[in-house]
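A.B. asks: Below is input_23.cif; it holds mmCIF, C-alpha atoms and all ligand atoms.
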data_start
#
loop_
_atom_site.label_atom_id
_atom_site.label_comp_id
_atom_site.auth_asym_id
_atom_site.auth_seq_id
_atom_site.Cartn_x
_atom_site.Cartn_y
_atom_site.Cartn_z
CA MET Q 1 -23.32 -7.51 32.13
CA THR Q 2 -20.96 -10.13 30.68
CA ARG Q 3 -18.31 -9.02 28.23
CA ARG Q 4 -19.46 -8.56 24.61
CA ILE Q 5 -16.87 -8.32 21.86
CA TYR Q 6 -18.21 -7.11 18.53
CA ALA Q 7 -16.49 -8.94 15.67
CA ASP Q 8 -19.05 -8.35 12.92
CA ASN Q 9 -17.86 -5.06 11.44
CA ALA Q 10 -18.20 -6.48 7.91
CA ALA Q 11 -21.99 -6.46 8.45
CA THR Q 12 -22.07 -2.99 9.97
CA SER Q 13 -19.52 -1.15 12.08
CA PHE Q 14 -19.99 -0.85 15.84
CA PRO Q 15 -19.56 1.25 17.85
CA LYS Q 16 -19.78 4.55 15.95
CA PRO Q 17 -17.73 7.59 16.93
CA PRO Q 18 -19.52 9.57 19.70
CA GLU Q 19 -19.66 12.57 17.33
CA VAL Q 20 -22.12 10.63 15.15
CA LEU Q 21 -24.74 10.21 17.85
CA ALA Q 22 -24.17 13.80 19.04
CA ALA Q 23 -24.78 15.18 15.53
CA MET Q 24 -27.92 13.05 15.09
CA THR Q 25 -29.28 14.11 18.47
CA ASP Q 26 -28.60 17.79 17.69
CA TYR Q 27 -30.41 17.44 14.39
CA ALA Q 28 -33.38 15.65 15.99
CA GLU Q 29 -33.65 18.12 18.88
CA GLN Q 30 -32.96 21.37 17.08
CA LEU Q 31 -33.77 21.01 13.37
CA GLY Q 32 -35.98 18.06 12.47
CA ALA Q 33 -36.76 19.53 9.06
CA SER Q 34 -36.47 17.80 5.67
CA ALA Q 35 -33.32 18.78 3.79
CA GLY Q 36 -33.88 21.07 0.81
CA ARG Q 37 -37.67 21.10 1.27
CA GLY Q 38 -38.24 24.60 2.66
CA ALA Q 39 -36.81 28.12 2.89
CA TYR Q 40 -37.07 28.43 6.68
CA ARG Q 41 -33.87 28.32 8.75
CA GLU Q 42 -34.19 24.74 9.99
CA ALA Q 43 -34.79 23.28 6.51
CA VAL Q 44 -31.89 25.27 5.10
CA ALA Q 45 -29.63 24.13 7.95
CA ALA Q 46 -30.64 20.50 7.37
CA GLY Q 47 -29.86 20.95 3.67
CA GLU Q 48 -26.45 22.37 4.55
CA LEU Q 49 -25.65 19.37 6.77
CA VAL Q 50 -26.57 16.95 3.99
CA ALA Q 51 -24.45 18.98 1.56
CA ALA Q 52 -21.54 18.90 4.03
CA CYS Q 53 -21.81 15.12 4.17
CA ARG Q 54 -21.71 14.93 0.37
CA GLY Q 55 -18.70 17.26 0.28
CA ARG Q 56 -16.76 15.20 2.82
CA ILE Q 57 -17.36 11.94 0.95
CA ALA Q 58 -16.26 13.63 -2.29
CA ARG Q 59 -13.07 14.75 -0.55
CA LEU Q 60 -12.46 11.28 0.87
CA ILE Q 61 -12.65 9.54 -2.53
CA HIS Q 62 -11.33 12.48 -4.60
CA ALA Q 63 -14.53 12.89 -6.65
CA GLU Q 64 -14.56 15.78 -9.13
CA GLN Q 65 -17.39 17.58 -7.30
CA PRO Q 66 -19.67 16.79 -4.33
CA GLN Q 67 -22.67 16.38 -6.65
CA ARG Q 68 -21.01 13.31 -8.20
CA ILE Q 69 -22.28 11.46 -5.10
CA ALA Q 70 -25.91 10.25 -5.04
CA PHE Q 71 -27.14 9.06 -1.66
CA THR Q 72 -28.84 5.68 -1.35
CA LEU Q 73 -30.22 3.52 1.44
CA ASN Q 74 -27.21 1.19 1.45
CA CYS Q 75 -24.58 -0.29 -0.87
CA THR Q 76 -27.09 -2.72 -2.39
CA GLU Q 77 -29.27 0.11 -3.67
CA ALA Q 78 -26.21 1.88 -5.10
CA LEU Q 79 -25.17 -1.29 -6.96
CA ASN Q 80 -28.70 -1.78 -8.28
CA LEU Q 81 -28.78 1.81 -9.49
CA ALA Q 82 -25.48 1.36 -11.35
CA LEU Q 83 -26.30 -2.06 -12.86
CA ARG Q 84 -29.98 -1.66 -13.67
CA GLY Q 85 -29.54 1.98 -14.60
CA MET Q 86 -26.78 1.35 -17.10
CA LEU Q 87 -27.10 -2.09 -18.66
CA ARG Q 88 -29.40 -2.71 -21.64
CA PRO Q 89 -30.27 -5.95 -23.49
CA GLY Q 90 -27.33 -6.91 -25.71
CA ASP Q 91 -24.74 -5.35 -23.38
CA HIS Q 92 -21.99 -7.56 -21.99
CA VAL Q 93 -20.77 -7.19 -18.39
CA ILE Q 94 -17.78 -8.84 -16.73
CA THR Q 95 -17.91 -9.73 -13.04
CA SER Q 96 -16.48 -12.45 -10.79
CA ARG Q 97 -17.72 -15.55 -9.02
CA PHE Q 98 -16.75 -14.01 -5.69
CA GLU Q 99 -19.34 -11.22 -5.69
CA HIS Q 100 -21.95 -10.47 -3.07
CA ASN Q 101 -25.59 -11.17 -3.94
CA SER Q 102 -26.09 -7.43 -4.33
CA ILE Q 103 -24.19 -7.76 -7.63
CA LEU Q 104 -25.07 -11.38 -8.47
CA ARG Q 105 -28.84 -11.09 -8.06
CA PRO Q 106 -29.41 -7.92 -10.13
CA LEU Q 107 -27.16 -9.44 -12.81
CA HIS Q 108 -29.17 -12.69 -12.81
CA GLU Q 109 -32.32 -10.65 -13.41
CA LEU Q 110 -30.65 -8.55 -16.08
CA ALA Q 111 -29.33 -11.70 -17.77
CA ALA Q 112 -32.91 -12.98 -18.02
CA GLY Q 113 -33.71 -9.75 -19.86
CA GLY Q 114 -30.93 -10.16 -22.44
CA VAL Q 115 -27.78 -8.79 -20.77
CA ASP Q 116 -24.79 -11.07 -21.33
CA VAL Q 117 -22.76 -11.76 -18.16
CA SER Q 118 -19.26 -13.30 -17.86
CA TYR Q 119 -18.11 -14.54 -14.46
CA LEU Q 120 -14.36 -14.50 -13.90
CA HIS Q 121 -12.79 -17.42 -12.07
CA VAL Q 122 -10.82 -16.57 -8.97
CA ASP Q 123 -7.93 -18.13 -7.06
CA PRO Q 124 -9.73 -20.79 -4.97
CA ALA Q 125 -7.49 -20.18 -1.97
CA THR Q 126 -8.05 -16.43 -1.72
CA GLY Q 127 -10.72 -15.23 -4.14
CA ARG Q 128 -8.34 -13.00 -6.12
CA ILE Q 129 -9.05 -12.41 -9.81
CA ASP Q 130 -6.36 -12.17 -12.47
CA PRO Q 131 -6.55 -8.87 -14.42
CA ASP Q 132 -5.42 -10.76 -17.56
CA ASP Q 133 -8.69 -12.72 -17.32
CA VAL Q 134 -10.59 -9.44 -17.59
CA VAL Q 135 -8.78 -8.69 -20.85
CA GLU Q 136 -9.59 -12.18 -22.17
CA ALA Q 137 -13.27 -11.86 -21.29
CA ILE Q 138 -13.79 -8.62 -23.25
CA THR Q 139 -16.06 -8.91 -26.30
CA GLY Q 140 -17.24 -6.36 -28.86
CA HIS Q 141 -20.30 -5.72 -26.65
CA THR Q 142 -18.60 -5.33 -23.28
CA ARG Q 143 -19.82 -2.19 -21.59
CA LEU Q 144 -19.05 -2.65 -17.92
CA VAL Q 145 -16.71 -4.43 -15.52
CA ALA Q 146 -18.30 -4.80 -12.07
CA LEU Q 147 -16.13 -6.04 -9.21
CA GLN Q 148 -15.92 -5.90 -5.46
CA HIS Q 149 -12.82 -4.21 -4.05
CA GLY Q 150 -12.57 -6.38 -0.94
CA SER Q 151 -14.20 -9.72 -0.22
CA ASN Q 152 -16.73 -9.91 2.60
CA VAL Q 153 -15.84 -13.62 2.92
CA THR Q 154 -12.04 -13.82 2.82
CA GLY Q 155 -10.98 -10.18 3.16
CA MET Q 156 -9.08 -10.47 -0.14
CA ILE Q 157 -8.33 -7.15 -1.87
CA GLN Q 158 -8.79 -7.28 -5.64
CA PRO Q 159 -6.25 -5.69 -8.03
CA ILE Q 160 -8.51 -2.73 -8.69
CA ALA Q 161 -5.81 -0.40 -10.05
CA GLU Q 162 -4.80 -2.93 -12.72
CA VAL Q 163 -8.41 -3.56 -13.74
CA GLY Q 164 -9.02 0.21 -13.81
CA ARG Q 165 -6.13 0.56 -16.28
CA VAL Q 166 -7.57 -2.18 -18.51
CA CYS Q 167 -10.97 -0.48 -18.46
CA ARG Q 168 -9.48 2.87 -19.42
CA GLN Q 169 -7.43 1.39 -22.26
CA ARG Q 170 -10.45 -0.49 -23.62
CA GLU Q 171 -12.94 2.33 -22.92
CA LEU Q 172 -15.08 0.17 -20.62
CA MET Q 173 -16.95 1.45 -17.61
CA PHE Q 174 -15.72 0.25 -14.24
CA LEU Q 175 -18.06 -0.25 -11.27
CA VAL Q 176 -16.43 -0.99 -7.91
CA ASP Q 177 -18.27 -2.34 -4.88
CA ALA Q 178 -16.37 -0.73 -2.00
CA ALA Q 179 -18.57 -2.20 0.75
CA GLN Q 180 -15.60 -3.70 2.61
CA THR Q 181 -12.90 -1.19 1.70
CA LEU Q 182 -14.07 2.43 1.85
CA ALA Q 183 -12.33 4.06 4.84
CA HIS Q 184 -10.34 0.84 5.31
CA ILE Q 185 -8.06 1.47 2.31
CA PRO Q 186 -7.38 4.83 0.62
CA ILE Q 187 -9.54 5.10 -2.52
CA ASP Q 188 -8.95 7.79 -5.14
CA VAL Q 189 -11.57 7.21 -7.82
CA GLN Q 190 -9.78 9.34 -10.41
CA ALA Q 191 -6.34 7.78 -9.88
CA LEU Q 192 -7.80 4.25 -9.89
CA GLY Q 193 -9.89 4.72 -13.04
CA ILE Q 194 -13.16 4.05 -11.22
CA ASP Q 195 -16.28 5.30 -13.02
CA LEU Q 196 -18.84 4.16 -10.47
CA LEU Q 197 -18.16 3.50 -6.79
CA ALA Q 198 -20.92 1.94 -4.69
CA PHE Q 199 -20.49 2.21 -0.94
CA PRO Q 200 -22.39 1.77 2.34
CA GLY Q 201 -22.34 4.60 4.86
CA HIS Q 202 -22.75 2.21 7.78
CA LYS Q 203 -19.62 0.03 7.53
CA GLY Q 204 -16.09 1.50 7.26
CA LEU Q 205 -17.41 5.06 7.01
CA LEU Q 206 -18.85 4.55 10.53
CA GLY Q 207 -22.19 6.19 9.79
CA PRO Q 208 -25.63 4.85 10.79
CA LEU Q 209 -27.56 2.07 9.03
CA GLY Q 210 -29.79 3.37 6.25
CA THR Q 211 -27.01 5.30 4.51
CA GLY Q 212 -24.94 4.65 1.40
CA GLY Q 213 -24.19 6.15 -1.96
CA LEU Q 214 -23.02 5.89 -5.53
CA TYR Q 215 -20.20 7.96 -7.02
CA VAL Q 216 -20.83 8.59 -10.73
CA ARG Q 217 -17.98 9.98 -12.83
CA ASP Q 218 -18.62 13.32 -14.49
CA GLY Q 219 -20.51 12.79 -17.74
CA LEU Q 220 -21.68 9.24 -17.03
CA ASP Q 221 -24.97 10.09 -15.32
CA GLU Q 222 -26.68 10.72 -18.64
CA HIS Q 223 -26.23 6.99 -19.41
CA ILE Q 224 -27.87 5.88 -16.16
CA ARG Q 225 -31.64 5.63 -15.68
CA PRO Q 226 -32.86 6.36 -12.15
CA LEU Q 227 -34.49 3.54 -10.19
CA THR Q 228 -37.23 5.88 -8.99
CA ALA Q 229 -38.81 9.17 -10.05
CA GLY Q 230 -40.54 11.71 -7.85
CA GLY Q 231 -40.14 14.85 -5.81
CA THR Q 232 -36.63 16.28 -5.59
CA GLY Q 233 -37.37 19.77 -4.30
CA SER Q 234 -35.93 21.12 -7.58
CA ILE Q 235 -37.59 22.28 -10.85
CA SER Q 236 -40.92 21.12 -9.41
CA GLU Q 237 -42.86 22.74 -12.27
CA LEU Q 238 -41.68 19.98 -14.63
CA PRO Q 239 -43.50 16.63 -14.81
CA THR Q 240 -40.20 14.90 -15.63
CA GLN Q 241 -37.28 13.89 -13.45
CA PRO Q 242 -34.37 16.39 -13.28
CA ASP Q 243 -31.51 15.30 -15.53
CA PHE Q 244 -28.74 16.58 -13.25
CA MET Q 245 -26.94 14.98 -10.34
CA PRO Q 246 -27.59 14.30 -7.58
CA ASP Q 247 -31.33 15.08 -7.95
CA LYS Q 248 -31.76 12.66 -10.87
CA PHE Q 249 -31.08 9.74 -8.50
CA GLU Q 250 -32.46 11.12 -5.22
CA SER Q 251 -36.25 11.13 -5.35
CA GLY Q 252 -38.22 11.69 -2.17
CA SER Q 253 -37.23 12.98 1.24
CA HIS Q 254 -33.68 12.24 2.32
CA ASN Q 255 -32.72 10.19 5.35
CA ALA Q 256 -31.62 13.51 6.83
CA ILE Q 257 -30.90 12.26 10.34
CA GLY Q 258 -28.85 9.39 8.91
CA LEU Q 259 -26.91 11.65 6.57
CA VAL Q 260 -26.21 14.11 9.37
CA GLY Q 261 -24.75 11.20 11.33
CA LEU Q 262 -22.82 10.03 8.26
CA GLY Q 263 -21.44 13.54 7.76
CA ALA Q 264 -20.07 13.53 11.31
CA ALA Q 265 -18.66 10.03 10.79
CA VAL Q 266 -16.85 10.97 7.58
CA GLY Q 267 -15.51 14.07 9.36
CA TRP Q 268 -14.10 11.71 12.01
CA VAL Q 269 -12.56 9.47 9.31
CA LEU Q 270 -11.01 12.45 7.50
CA GLU Q 271 -9.55 13.76 10.74
CA ARG Q 272 -7.86 10.42 11.56
CA GLY Q 273 -6.94 9.77 7.95
CA VAL Q 274 -7.61 6.50 6.13
CA GLU Q 275 -3.87 5.68 6.14
CA SER Q 276 -3.88 5.69 9.92
CA LEU Q 277 -7.04 3.54 10.08
CA ARG Q 278 -5.37 1.15 7.63
CA ARG Q 279 -2.26 0.92 9.84
CA HIS Q 280 -4.46 0.02 12.81
CA GLU Q 281 -6.27 -2.63 10.78
CA ILE Q 282 -3.02 -4.11 9.45
CA ALA Q 283 -1.66 -4.38 13.00
CA LEU Q 284 -4.80 -6.24 14.11
CA CYS Q 285 -4.69 -8.52 11.05
CA LYS Q 286 -1.05 -9.36 11.70
CA ARG Q 287 -1.75 -10.14 15.35
CA PHE Q 288 -4.66 -12.43 14.44
CA LEU Q 289 -2.86 -14.21 11.58
CA ASP Q 290 0.40 -14.77 13.50
CA THR Q 291 -1.38 -17.15 15.87
CA ILE Q 292 -4.53 -18.33 14.18
CA THR Q 293 -2.74 -19.93 11.22
CA HIS Q 294 -1.00 -22.34 13.68
CA VAL Q 295 -4.05 -23.59 15.58
CA ASP Q 296 -4.68 -27.34 15.06
CA GLY Q 297 -8.14 -28.18 13.82
CA LEU Q 298 -8.82 -24.65 12.60
CA THR Q 299 -8.81 -23.67 8.93
CA LEU Q 300 -8.53 -20.08 7.81
CA HIS Q 301 -9.81 -19.30 4.30
CA GLY Q 302 -8.20 -16.34 2.60
CA PRO Q 303 -4.89 -14.55 2.18
CA ARG Q 304 -2.14 -14.75 4.81
CA ASP Q 305 -0.46 -11.60 3.52
CA VAL Q 306 -1.78 -8.59 5.47
CA GLU Q 307 -1.10 -6.25 2.54
CA GLN Q 308 -3.54 -8.25 0.42
CA ARG Q 309 -6.43 -8.19 2.84
CA VAL Q 310 -8.78 -6.26 5.07
CA GLY Q 311 -9.74 -7.43 8.57
CA VAL Q 312 -12.40 -9.95 7.48
CA PHE Q 313 -11.57 -13.56 8.40
CA SER Q 314 -13.42 -16.76 7.51
CA VAL Q 315 -12.67 -19.77 9.67
CA ARG Q 316 -13.88 -23.32 10.20
CA VAL Q 317 -13.21 -25.56 13.16
CA GLU Q 318 -13.11 -29.32 12.60
CA GLY Q 319 -16.24 -31.09 13.80
CA LEU Q 320 -18.35 -27.93 14.16
CA GLU Q 321 -20.90 -26.35 11.86
CA PRO Q 322 -20.19 -22.64 11.36
CA SER Q 323 -23.43 -21.80 13.17
CA GLU Q 324 -22.38 -23.99 16.14
CA LEU Q 325 -19.03 -22.20 16.28
CA SER Q 326 -20.72 -18.79 16.24
CA ALA Q 327 -23.10 -19.93 18.99
CA LEU Q 328 -20.22 -21.17 21.15
CA LEU Q 329 -18.27 -17.96 20.60
CA GLU Q 330 -21.25 -15.96 21.77
CA THR Q 331 -22.46 -18.06 24.67
CA GLU Q 332 -19.07 -19.06 26.11
CA PHE Q 333 -16.96 -16.03 25.23
CA GLY Q 334 -19.32 -13.13 24.41
CA ILE Q 335 -17.85 -12.82 20.90
CA LEU Q 336 -20.28 -11.74 18.17
CA THR Q 337 -19.63 -13.20 14.72
CA ARG Q 338 -21.60 -14.13 11.62
CA SER Q 339 -21.81 -17.64 10.21
CA GLY Q 340 -23.20 -18.98 6.93
CA LEU Q 341 -22.74 -17.95 3.32
CA HIS Q 342 -22.48 -14.18 3.92
CA CYS Q 343 -24.69 -13.48 0.85
CA ALA Q 344 -21.87 -14.75 -1.39
CA PRO Q 345 -22.86 -18.34 -2.28
CA TRP Q 346 -20.47 -18.73 -5.22
CA ALA Q 347 -17.54 -17.53 -3.15
CA HIS Q 348 -18.24 -20.44 -0.82
CA ASP Q 349 -18.52 -22.82 -3.82
CA THR Q 350 -15.05 -21.67 -4.86
CA LEU Q 351 -13.61 -22.08 -1.37
CA GLY Q 352 -15.28 -25.49 -1.02
CA THR Q 353 -17.20 -24.37 2.07
CA HIS Q 354 -20.74 -24.13 0.65
CA ALA Q 355 -21.88 -27.70 1.38
CA GLY Q 356 -20.60 -27.47 4.96
CA GLY Q 357 -22.74 -24.42 5.70
CA GLY Q 358 -20.15 -21.75 4.82
CA THR Q 359 -17.77 -20.34 7.40
CA THR Q 360 -17.74 -18.38 10.63
CA ARG Q 361 -16.67 -14.81 9.93
CA LEU Q 362 -14.86 -12.52 12.33
CA SER Q 363 -14.38 -8.94 11.18
CA PHE Q 364 -12.52 -6.18 12.97
CA GLY Q 365 -13.02 -2.44 12.64
CA ALA Q 366 -11.76 0.98 13.62
CA PHE Q 367 -12.75 0.46 17.27
CA SER Q 368 -11.49 -3.11 17.61
CA SER Q 369 -8.56 -3.36 20.01
CA GLU Q 370 -5.60 -5.70 20.37
CA ALA Q 371 -7.34 -7.08 23.46
CA ASP Q 372 -10.41 -7.91 21.33
CA VAL Q 373 -8.24 -9.75 18.82
CA ASP Q 374 -6.45 -11.65 21.61
CA ALA Q 375 -9.81 -12.65 23.10
CA CYS Q 376 -10.90 -14.00 19.69
CA ILE Q 377 -7.64 -15.95 19.32
CA GLU Q 378 -7.95 -17.42 22.81
CA ALA Q 379 -11.59 -18.40 22.29
CA LEU Q 380 -10.99 -20.02 18.90
CA THR Q 381 -7.97 -21.89 20.25
CA ALA Q 382 -9.87 -23.12 23.29
CA ILE Q 383 -12.69 -24.37 21.06
CA ALA Q 384 -10.47 -25.95 18.39
CA VAL Q 385 -7.96 -27.51 20.82
CA PRO Q 386 -10.08 -28.16 23.94
CA THR Q 387 -7.32 -30.00 25.81
CA ASP Q 388 -4.68 -27.35 25.21
CA VAL Q 389 -5.83 -23.77 25.64
CA THR Q 390 -2.31 -22.37 25.43
CA VAL Q 391 -1.94 -19.92 22.58
CA GLN Q 392 0.92 -21.23 20.43
C1 LIG Q 401 -19.03 -6.95 -0.64
C2 LIG Q 401 -20.38 -6.42 -0.27
N1 LIG Q 401 -21.12 -5.81 -1.20
C3 LIG Q 401 -22.34 -5.31 -0.92
C4 LIG Q 401 -22.86 -5.38 0.34
C5 LIG Q 401 -24.22 -4.80 0.61
O1 LIG Q 401 -24.11 -3.72 1.49
P1 LIG Q 401 -25.41 -3.11 2.20
O2 LIG Q 401 -25.71 -3.98 3.33
O3 LIG Q 401 -24.99 -1.74 2.61
O4 LIG Q 401 -26.48 -3.09 1.18
C6 LIG Q 401 -22.13 -5.99 1.35
C7 LIG Q 401 -22.69 -6.13 2.72
O5 LIG Q 401 -22.26 -6.87 3.52
C8 LIG Q 401 -20.85 -6.52 1.04
O6 LIG Q 401 -20.11 -7.10 1.98
#
Show me this structure written as structure tokens.

C.D. replies:
Amino acid sequence: MTRRIYADNAATSFPKPPEVLAAMTDYAEQLGASAGRGAYREAVAAGELVAACRGRIARLIHAEQPQRIAFTLNCTEALNLALRGMLRPGDHVITSRFEHNSILRPLHELAAGGVDVSYLHVDPATGRIDPDDVVEAITGHTRLVALQHGSNVTGMIQPIAEVGRVCRQRELMFLVDAAQTLAHIPIDVQALGIDLLAFPGHKGLLGPLGTGGLYVRDGLDEHIRPLTAGGTGSISELPTQPDFMPDKFESGSHNAIGLVGLGAAVGWVLERGVESLRRHEIALCKRFLDTITHVDGLTLHGPRDVEQRVGVFSVRVEGLEPSELSALLETEFGILTRSGLHCAPWAHDTLGTHAGGGTTRLSFGAFSSEADVDACIEALTAIAVPTDVTVQ
């Protein structure tokens, strides 16, 4: 088989640690039961594995207790739970023009129902917001600030700690979309003043698709309505939804096999340490940036400073549509990328790349190697400068 280089970790990480598949296979072969839905050994064991996953995520983000984490299908569902669960007509929410559709679309719907939304402008070169703009946008009705931590278009890291401080001082709730940063950058929800942290299990955490979650600060859950109601395996005699976490937000059978895999993945992340994963990512970013910023005919959108970014890169090559570039990278070089708007249309408006079909995105992950990065540099250079394939 020809070489395949996976450079789409911003969509979902690949490969996963071998421990993930092993844990899922063990569960499927030996347990198979629904977590928390029976008193027999296999159901109890499945429940313990799901609880272990919750505990590891709580440790990773420094949540007060494991039950502060509610599992969801993905980051989108977690963001919907936070936004739709919390905001009421008349509330004001502050967000940015760089957000993913999983924040923009629920907010558009909520705005139609009477929620007031302010969109912060961002630095057009990078996508970074200015925390002073958050202060300026606050009104007497502001309830929530909802921002992504890292951009899935430019890799830009937002000044989350500064915004967290503003939110604390002004007693506003702070929702952070950590889709591109959890397990890429250390996140301590308590130190950063984060009230709600939405995250996928299948990206930086290295778990399987179909996993994600929402961290809810102690005491906030009573202000959030669940998206669904139903069986929780707890206080089943009552016709009403439990009012305690995580059951309040976890109706129906869990994705037990997925959460078992996620538990193994988070164990792997904790063992390596996020700082060490971050060092690896910074080294790859530096290697990519050192060369790619000097290639004629190629434009990189986003920060040059490795400290201000994660390993998500948006590029355009003169004379090529982003989709043509992705196709060439795959067919000629076996490099897998994603082209288009990346579910962030306003980010591309800001960058000036919307009308041209967006960008081609390359994103590296925990299992990307220096050789992978070099192959991407060589391929992009060969495409952008066809007569001179020498890496400058
Ligand atoms: C910044 C950002 N937020 C939210 C999401 C949605 O994540 P999920 O696919 O887990 O719903 C993504 C996915 O790419 C993302 O990049």

A.B. asks: Looking at all atoms listed in the file, which of Q:Arg56, Q:His184, Q:Arg225, Q:His348 is the one that sits closest to Glu250 of chain Q?

C.D. replies: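 Looking at the shortest contact to Glu250 of chain Q, the residue is Q:Arg225.
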
A.B. asks: Which chains and residue numbers are within 9 Å of ligand LIG 401 (chain Q), counting all atoms listed in the file, if I want them as a PDB file with C-alpha atoms, in the coordinates of the input?

C.D. replies:
ATOM      1  CA  ALA Q  10     -18.200  -6.480   7.910  1.00  0.00           C
ATOM      2  CA  ALA Q  11     -21.990  -6.460   8.450  1.00  0.00           C
ATOM      3  CA  THR Q  12     -22.070  -2.990   9.970  1.00  0.00           C
ATOM      4  CA  LEU Q  73     -30.220   3.520   1.440  1.00  0.00           C
ATOM      5  CA  ASN Q  74     -27.210   1.190   1.450  1.00  0.00           C
ATOM      6  CA  CYS Q  75     -24.580  -0.290  -0.870  1.00  0.00           C
ATOM      7  CA  THR Q  76     -27.090  -2.720  -2.390  1.00  0.00           C
ATOM      8  CA  GLU Q  77     -29.270   0.110  -3.670  1.00  0.00           C
ATOM      9  CA  ALA Q  78     -26.210   1.880  -5.100  1.00  0.00           C
ATOM     10  CA  LEU Q  79     -25.170  -1.290  -6.960  1.00  0.00           C
ATOM     11  CA  PHE Q  98     -16.750 -14.010  -5.690  1.00  0.00           C
ATOM     12  CA  GLU Q  99     -19.340 -11.220  -5.690  1.00  0.00           C
ATOM     13  CA  HIS Q 100     -21.950 -10.470  -3.070  1.00  0.00           C
ATOM     14  CA  ASN Q 101     -25.590 -11.170  -3.940  1.00  0.00           C
ATOM     15  CA  SER Q 102     -26.090  -7.430  -4.330  1.00  0.00           C
ATOM     16  CA  ILE Q 103     -24.190  -7.760  -7.630  1.00  0.00           C
ATOM     17  CA  GLN Q 148     -15.920  -5.900  -5.460  1.00  0.00           C
ATOM     18  CA  HIS Q 149     -12.820  -4.210  -4.050  1.00  0.00           C
ATOM     19  CA  GLY Q 150     -12.570  -6.380  -0.940  1.00  0.00           C
ATOM     20  CA  SER Q 151     -14.200  -9.720  -0.220  1.00  0.00           C
ATOM     21  CA  ASN Q 152     -16.730  -9.910   2.600  1.00  0.00           C
ATOM     22  CA  VAL Q 153     -15.840 -13.620   2.920  1.00  0.00           C
ATOM     23  CA  ASP Q 177     -18.270  -2.340  -4.880  1.00  0.00           C
ATOM     24  CA  ALA Q 178     -16.370  -0.730  -2.000  1.00  0.00           C
ATOM     25  CA  ALA Q 179     -18.570  -2.200   0.750  1.00  0.00           C
ATOM     26  CA  GLN Q 180     -15.600  -3.700   2.610  1.00  0.00           C
ATOM     27  CA  THR Q 181     -12.900  -1.190   1.700  1.00  0.00           C
ATOM     28  CA  ALA Q 198     -20.920   1.940  -4.690  1.00  0.00           C
ATOM     29  CA  PHE Q 199     -20.490   2.210  -0.940  1.00  0.00           C
ATOM     30  CA  PRO Q 200     -22.390   1.770   2.340  1.00  0.00           C
ATOM     31  CA  GLY Q 201     -22.340   4.600   4.860  1.00  0.00           C
ATOM     32  CA  HIS Q 202     -22.750   2.210   7.780  1.00  0.00           C
ATOM     33  CA  LYS Q 203     -19.620   0.030   7.530  1.00  0.00           C
ATOM     34  CA  LEU Q 209     -27.560   2.070   9.030  1.00  0.00           C
ATOM     35  CA  GLY Q 210     -29.790   3.370   6.250  1.00  0.00           C
ATOM     36  CA  THR Q 211     -27.010   5.300   4.510  1.00  0.00           C
ATOM     37  CA  GLY Q 212     -24.940   4.650   1.400  1.00  0.00           C
ATOM     38  CA  HIS Q 342     -22.480 -14.180   3.920  1.00  0.00           C
ATOM     39  CA  CYS Q 343     -24.690 -13.480   0.850  1.00  0.00           C
ATOM     40  CA  ALA Q 344     -21.870 -14.750  -1.390  1.00  0.00           C
TER      41      ALA Q 344
END

A.B. asks: List every protein, DNA or RNA residue that has at least one atom no more than 10 Å from (-26.1, 5.3, 11.9) in the file's coordinates, counting all atoms listed in the file, and write the result as a PDB file with C-alpha atoms, keeping the file's coordinate frame.

C.D. replies:
ATOM      1  CA  THR Q  12     -22.070  -2.990   9.970  1.00  0.00           C
ATOM      2  CA  SER Q  13     -19.520  -1.150  12.080  1.00  0.00           C
ATOM      3  CA  PHE Q  14     -19.990  -0.850  15.840  1.00  0.00           C
ATOM      4  CA  PRO Q  15     -19.560   1.250  17.850  1.00  0.00           C
ATOM      5  CA  LYS Q  16     -19.780   4.550  15.950  1.00  0.00           C
ATOM      6  CA  VAL Q  20     -22.120  10.630  15.150  1.00  0.00           C
ATOM      7  CA  LEU Q  21     -24.740  10.210  17.850  1.00  0.00           C
ATOM      8  CA  MET Q  24     -27.920  13.050  15.090  1.00  0.00           C
ATOM      9  CA  GLY Q 201     -22.340   4.600   4.860  1.00  0.00           C
ATOM     10  CA  HIS Q 202     -22.750   2.210   7.780  1.00  0.00           C
ATOM     11  CA  LYS Q 203     -19.620   0.030   7.530  1.00  0.00           C
ATOM     12  CA  LEU Q 205     -17.410   5.060   7.010  1.00  0.00           C
ATOM     13  CA  LEU Q 206     -18.850   4.550  10.530  1.00  0.00           C
ATOM     14  CA  GLY Q 207     -22.190   6.190   9.790  1.00  0.00           C
ATOM     15  CA  PRO Q 208     -25.630   4.850  10.790  1.00  0.00           C
ATOM     16  CA  LEU Q 209     -27.560   2.070   9.030  1.00  0.00           C
ATOM     17  CA  GLY Q 210     -29.790   3.370   6.250  1.00  0.00           C
ATOM     18  CA  THR Q 211     -27.010   5.300   4.510  1.00  0.00           C
ATOM     19  CA  ILE Q 257     -30.900  12.260  10.340  1.00  0.00           C
ATOM     20  CA  GLY Q 258     -28.850   9.390   8.910  1.00  0.00           C
ATOM     21  CA  LEU Q 259     -26.910  11.650   6.570  1.00  0.00           C
ATOM     22  CA  VAL Q 260     -26.210  14.110   9.370  1.00  0.00           C
ATOM     23  CA  GLY Q 261     -24.750  11.200  11.330  1.00  0.00           C
ATOM     24  CA  LEU Q 262     -22.820  10.030   8.260  1.00  0.00           C
ATOM     25  CA  ALA Q 265     -18.660  10.030  10.790  1.00  0.00           C
TER      26      ALA Q 265
END

A.B. asks: Expressed in Å to a single decimal, how great is the separation between atom CA of Tyr27 of chain Q and atom CA of Arg54 of chain Q?

C.D. replies: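 Atom-to-atom, atom CA of Tyr27 of chain Q and atom CA of Arg54 of chain Q are spaced 16.7 Å apart.
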